[in-house]
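As provided, work_8.txt (compact mmCIF, C-alpha atoms) reads as follows.
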```txt
# COMPACT_ATOMS: atom_id res chain seq x y z
CA GLY F 1 220.91 59.02 103.21
CA GLU F 2 218.86 57.47 100.43
CA ASN F 3 218.25 53.69 100.46
CA VAL F 4 217.30 51.93 97.23
CA GLU F 5 216.00 48.37 97.28
CA GLN F 6 215.67 46.30 94.13
CA HIS F 7 213.75 43.08 93.44
CA PRO F 8 214.08 40.40 92.28
CA SER F 9 217.80 39.71 92.41
CA THR F 10 217.49 37.13 89.61
CA LEU F 11 214.86 36.77 86.92
CA SER F 12 214.48 34.20 84.14
CA VAL F 13 211.93 34.61 81.37
CA GLN F 14 211.19 32.90 78.11
CA GLU F 15 212.05 34.80 74.97
CA GLY F 16 209.09 36.95 73.97
CA ASP F 17 207.71 37.25 77.50
CA SER F 18 207.77 40.41 79.56
CA ALA F 19 210.13 41.17 82.45
CA VAL F 20 209.46 43.54 85.34
CA ILE F 21 212.03 44.80 87.85
CA LYS F 22 210.95 46.85 90.85
CA CYS F 23 212.77 49.36 93.02
CA THR F 24 211.78 51.30 96.10
CA TYR F 25 213.46 54.36 97.56
CA SER F 26 213.33 55.98 100.96
CA ASP F 27 214.00 59.69 100.46
CA SER F 28 211.01 61.61 99.14
CA ALA F 29 213.42 64.30 97.90
CA SER F 30 214.72 61.96 95.17
CA ASN F 31 213.52 63.29 91.85
CA TYR F 32 215.48 61.48 89.12
CA PHE F 33 215.52 57.75 88.49
CA PRO F 34 217.83 56.24 85.84
CA TRP F 35 218.12 52.59 84.90
CA TYR F 36 221.38 51.00 83.80
CA LYS F 37 222.14 47.78 81.93
CA GLN F 38 225.45 46.06 82.59
CA GLU F 39 226.61 43.18 80.44
CA LEU F 40 229.26 40.86 81.81
CA GLY F 41 232.59 42.64 82.09
CA LYS F 42 231.26 45.86 80.60
CA ARG F 43 230.35 49.28 81.89
CA PRO F 44 226.85 50.09 83.15
CA GLN F 45 224.99 51.88 80.37
CA LEU F 46 222.00 54.15 80.76
CA ILE F 47 218.95 52.64 79.07
CA ILE F 48 216.09 54.83 80.28
CA ASP F 49 215.40 57.42 82.94
CA ILE F 50 212.44 59.20 84.45
CA ARG F 51 211.97 62.44 86.34
CA SER F 52 209.63 62.88 89.27
CA ASN F 53 207.19 65.06 87.33
CA VAL F 54 206.40 62.17 84.98
CA GLY F 55 204.53 58.97 85.80
CA GLU F 56 205.61 56.84 82.86
CA LYS F 57 208.14 56.89 80.05
CA LYS F 58 208.49 54.50 77.16
CA ASP F 59 211.24 53.80 74.64
CA GLN F 60 210.42 51.02 72.19
CA ARG F 61 210.33 47.78 74.24
CA ILE F 62 211.41 49.43 77.48
CA ALA F 63 209.22 51.44 79.84
CA VAL F 64 209.62 52.86 83.31
CA THR F 65 206.83 53.76 85.71
CA LEU F 66 207.07 55.91 88.83
CA ASN F 67 204.76 56.07 91.83
CA LYS F 68 205.93 58.99 93.96
CA THR F 69 203.35 58.41 96.66
CA ALA F 70 204.46 54.84 97.22
CA LYS F 71 208.10 55.70 96.45
CA HIS F 72 208.62 52.95 93.95
CA PHE F 73 209.52 52.71 90.30
CA SER F 74 209.67 49.81 87.89
CA LEU F 75 211.35 48.78 84.66
CA HIS F 76 209.26 46.90 82.13
CA ILE F 77 210.79 45.07 79.18
CA THR F 78 208.35 43.62 76.65
CA GLU F 79 209.00 41.02 73.95
CA THR F 80 212.27 40.05 75.59
CA GLN F 81 215.17 38.89 73.44
CA PRO F 82 218.33 36.94 74.37
CA GLU F 83 220.39 40.13 74.04
CA ASP F 84 218.37 41.60 76.90
CA SER F 85 220.19 39.19 79.23
CA ALA F 86 222.28 41.33 81.59
CA VAL F 87 222.31 42.84 85.06
CA TYR F 88 219.99 45.82 85.48
CA PHE F 89 220.49 48.49 88.13
CA CYS F 90 218.06 51.13 89.24
CA ALA F 91 219.21 54.35 90.85
CA ALA F 92 217.68 57.27 92.68
CA SER F 93 219.10 60.75 92.64
CA ILE F 94 218.42 63.92 94.52
CA THR F 95 218.77 66.84 92.12
CA GLY F 96 220.99 64.80 89.79
CA ASN F 97 223.95 65.30 92.07
CA GLN F 98 224.26 62.15 94.15
CA PHE F 99 223.20 58.74 92.88
CA TYR F 100 222.22 55.74 94.98
CA PHE F 101 222.06 52.35 93.30
CA GLY F 102 220.02 49.23 93.87
CA THR F 103 221.72 45.87 94.25
CA GLY F 104 220.96 44.75 90.70
CA THR F 105 218.77 42.19 88.94
CA SER F 106 220.34 39.48 86.82
CA LEU F 107 217.97 38.90 83.90
CA THR F 108 218.25 35.75 81.79
CA VAL F 109 216.17 35.44 78.64
CA ILE F 110 215.82 31.81 77.63
CA PRO F 111 215.63 31.26 73.85
CA GLU M 1 230.77 58.97 71.11
CA ALA M 2 232.96 60.22 73.96
CA GLU M 3 233.60 57.77 76.77
CA VAL M 4 235.09 57.72 80.23
CA ALA M 5 238.55 56.13 80.05
CA GLN M 6 240.00 54.00 82.84
CA SER M 7 243.23 52.10 83.33
CA PRO M 8 244.34 49.50 84.03
CA ARG M 9 241.40 47.26 83.14
CA TYR M 10 242.72 44.43 85.29
CA LYS M 11 245.13 44.43 88.21
CA ILE M 12 246.32 41.62 90.45
CA THR M 13 248.25 42.68 93.51
CA GLU M 14 249.44 41.11 96.70
CA LYS M 15 247.95 42.27 99.97
CA SER M 16 249.84 45.11 101.64
CA GLN M 17 251.02 46.40 98.25
CA ALA M 18 249.99 49.72 96.76
CA VAL M 19 247.75 50.01 93.72
CA ALA M 20 246.53 52.97 91.70
CA PHE M 21 243.76 53.48 89.16
CA TRP M 22 243.45 56.28 86.65
CA CYS M 23 240.36 57.87 85.13
CA ASP M 24 239.87 60.41 82.36
CA PRO M 25 236.27 61.66 82.27
CA ILE M 26 234.36 62.78 79.22
CA SER M 27 235.73 66.13 78.10
CA GLY M 28 234.00 69.02 79.78
CA HIS M 29 232.38 66.98 82.52
CA ALA M 30 232.77 68.82 85.79
CA THR M 31 231.72 66.06 88.16
CA LEU M 32 233.73 62.88 88.58
CA TYR M 33 232.79 59.88 90.69
CA TRP M 34 234.65 56.80 91.90
CA TYR M 35 232.45 53.82 92.71
CA ARG M 36 233.31 50.38 94.04
CA GLN M 37 231.26 47.44 92.79
CA ILE M 38 231.56 44.10 94.52
CA LEU M 39 230.42 41.15 92.41
CA GLY M 40 226.67 40.76 92.65
CA GLN M 41 226.08 44.17 94.17
CA GLY M 42 225.33 47.66 92.97
CA PRO M 43 227.93 50.41 92.71
CA GLU M 44 228.76 52.16 95.96
CA LEU M 45 230.09 55.72 95.94
CA LEU M 46 233.63 56.17 97.27
CA VAL M 47 234.31 59.78 96.34
CA GLN M 48 232.77 62.58 94.28
CA PHE M 49 234.63 65.55 92.81
CA GLN M 50 233.28 68.81 91.47
CA ASP M 51 236.15 70.13 89.37
CA GLU M 52 239.19 69.64 91.62
CA SER M 53 237.29 69.74 94.92
CA VAL M 54 236.02 66.77 96.89
CA VAL M 55 232.29 67.15 97.54
CA ASP M 56 231.65 63.74 99.14
CA ASP M 57 234.17 61.25 100.48
CA SER M 58 232.14 60.04 103.44
CA GLN M 59 232.35 56.39 102.30
CA LEU M 60 236.04 56.44 101.40
CA PRO M 61 238.18 54.38 103.83
CA LYS M 62 240.64 57.17 104.34
CA ASP M 63 243.14 55.10 106.28
CA ARG M 64 244.06 53.28 103.08
CA PHE M 65 242.30 54.98 100.17
CA SER M 66 243.09 58.34 98.65
CA ALA M 67 241.82 60.15 95.57
CA GLU M 68 242.85 63.27 93.77
CA ARG M 69 241.83 65.33 90.77
CA LEU M 70 244.53 67.97 90.82
CA LYS M 71 243.67 69.92 87.68
CA GLY M 72 239.99 69.15 87.66
CA VAL M 73 240.28 66.80 84.72
CA ASP M 74 241.68 63.28 85.20
CA SER M 75 241.75 61.54 88.54
CA THR M 76 243.72 58.89 90.42
CA LEU M 77 242.42 56.52 93.09
CA LYS M 78 245.06 54.89 95.27
CA ILE M 79 244.90 52.04 97.74
CA GLN M 80 247.77 51.49 100.17
CA PRO M 81 248.04 48.93 101.61
CA ALA M 82 245.65 46.72 99.68
CA GLU M 83 243.63 44.16 101.63
CA LEU M 84 241.89 41.00 100.45
CA GLY M 85 238.49 42.66 100.93
CA ASP M 86 239.38 45.35 98.41
CA SER M 87 238.92 42.90 95.54
CA ALA M 88 236.22 44.50 93.42
CA MET M 89 235.63 46.53 90.28
CA TYR M 90 236.41 50.21 90.60
CA LEU M 91 234.19 52.27 88.35
CA CYS M 92 234.83 55.85 87.38
CA ALA M 93 231.93 57.95 86.16
CA SER M 94 231.37 61.55 85.11
CA SER M 95 228.46 63.86 84.59
CA PRO M 96 228.24 67.06 82.58
CA ASN M 97 226.23 69.58 84.52
CA ARG M 98 227.85 72.00 86.89
CA ALA M 99 224.48 72.78 88.42
CA PRO M 100 222.72 69.65 89.67
CA GLY M 101 219.28 69.04 88.30
CA PRO M 102 216.99 66.21 87.28
CA GLY M 103 218.34 64.55 84.19
CA ASN M 104 221.97 65.21 85.09
CA THR M 105 222.88 61.61 84.57
CA ILE M 106 226.21 59.88 84.92
CA TYR M 107 228.29 57.97 82.39
CA PHE M 108 230.50 55.10 83.49
CA GLY M 109 233.90 53.90 82.37
CA GLU M 110 234.68 50.25 81.67
CA GLY M 111 235.97 49.78 85.20
CA SER M 112 239.18 48.49 86.73
CA TRP M 113 239.04 44.96 88.11
CA LEU M 114 241.19 44.53 91.20
CA THR M 115 242.13 41.16 92.65
CA VAL M 116 244.10 41.15 95.88
CA VAL M 117 245.87 37.87 96.64
```

File written out as structure tokens:
Amino acid sequence: GENVEQHPSTLSVQEGDSAVIKCTYSDSASNYFPWYKQELGKRPQLIIDIRSNVGEKKDQRIAVTLNKTAKHFSLHITETQPEDSAVYFCAASITGNQFYFGTGTSLTVIP
Amino acid sequence: EAEVAQSPRYKITEKSQAVAFWCDPISGHATLYWYRQILGQGPELLVQFQDESVVDDSQLPKDRFSAERLKGVDSTLKIQPAELGDSAMYLCASSPNRAPGPGNTIYFGEGSWLTVV
């Protein structure tokens, strides 16, 4: 089955700096890659996603890049704010049917 | 905005007791998932339903866990007997599309926290 690895496991940045979280996947058949944000005690919420026919997608301060050849994708958060502090999970999906999650990155934005 | 409903939010049970969790997916969502999330880790799939049928339960410890979605709407996950290692958050999720395809994303419930003592 698919194996998704996520790095780093913890990340601290100063407010206003950028944060980058990286994920790799093993199955070249994976073609959909969502990112979820989970605040303490709350449900994971979809923040951005990308399909395999696109190399980059941006939504305000959040962007995701995908390198199919290298089988890795990354989440970029610019101008970080304290409310960005949370755990972020990447996922890889084959045909949007089964989803495999990374182990999560705990992001702390220091005011 | 429609949400996936789960109950109870928190449950403390003694080991060897039975425990059950309930999930009501977003209306019209055909696919329902149960995930287990241990603190500090990502969600791991336990079971996936398409309507009332199980499509993947390969990671479900069937000696103690069972899941059903009798009418293809809400679902129940049961653990009997509970063990200390079952302490985790149990997340229910649903997705809308009957035909899988890129962009068929999943929406999570708030989760049910289980502590086995």

Residues within 8 Å of (210.7, 54.5, 88.0), file coords, only C-alpha atoms, listed as JSON, numbers by chain: {"F": [23, 33, 34, 49, 50, 55, 56, 64, 65, 66, 67, 72, 73, 74, 75]}

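The coordinates place atom CA of M:Leu39 at 24.0 Å from atom CA of F:Ile77.
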
For atom CA of M:Ser27 and atom CA of M:Thr105, the interatomic separation in Å (one decimal):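 About the pair atom CA of M:Ser27 and atom CA of M:Thr105: they are 15.1 Å apart.
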
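Proximity ranking of F:Gln45, F:Gln81, F:Ser106, F:Asn97 relative to M:Glu3 places F:Gln45 first, based on all atoms listed in the file.
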
Nearest to F:Cys90 by atom-to-atom distance, counting only C-alpha atoms, from M:Ser7, M:Gln41, M:Glu1, M:Ser53: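 Checking each candidate against F:Cys90, we get M:Gln41 as the closest.
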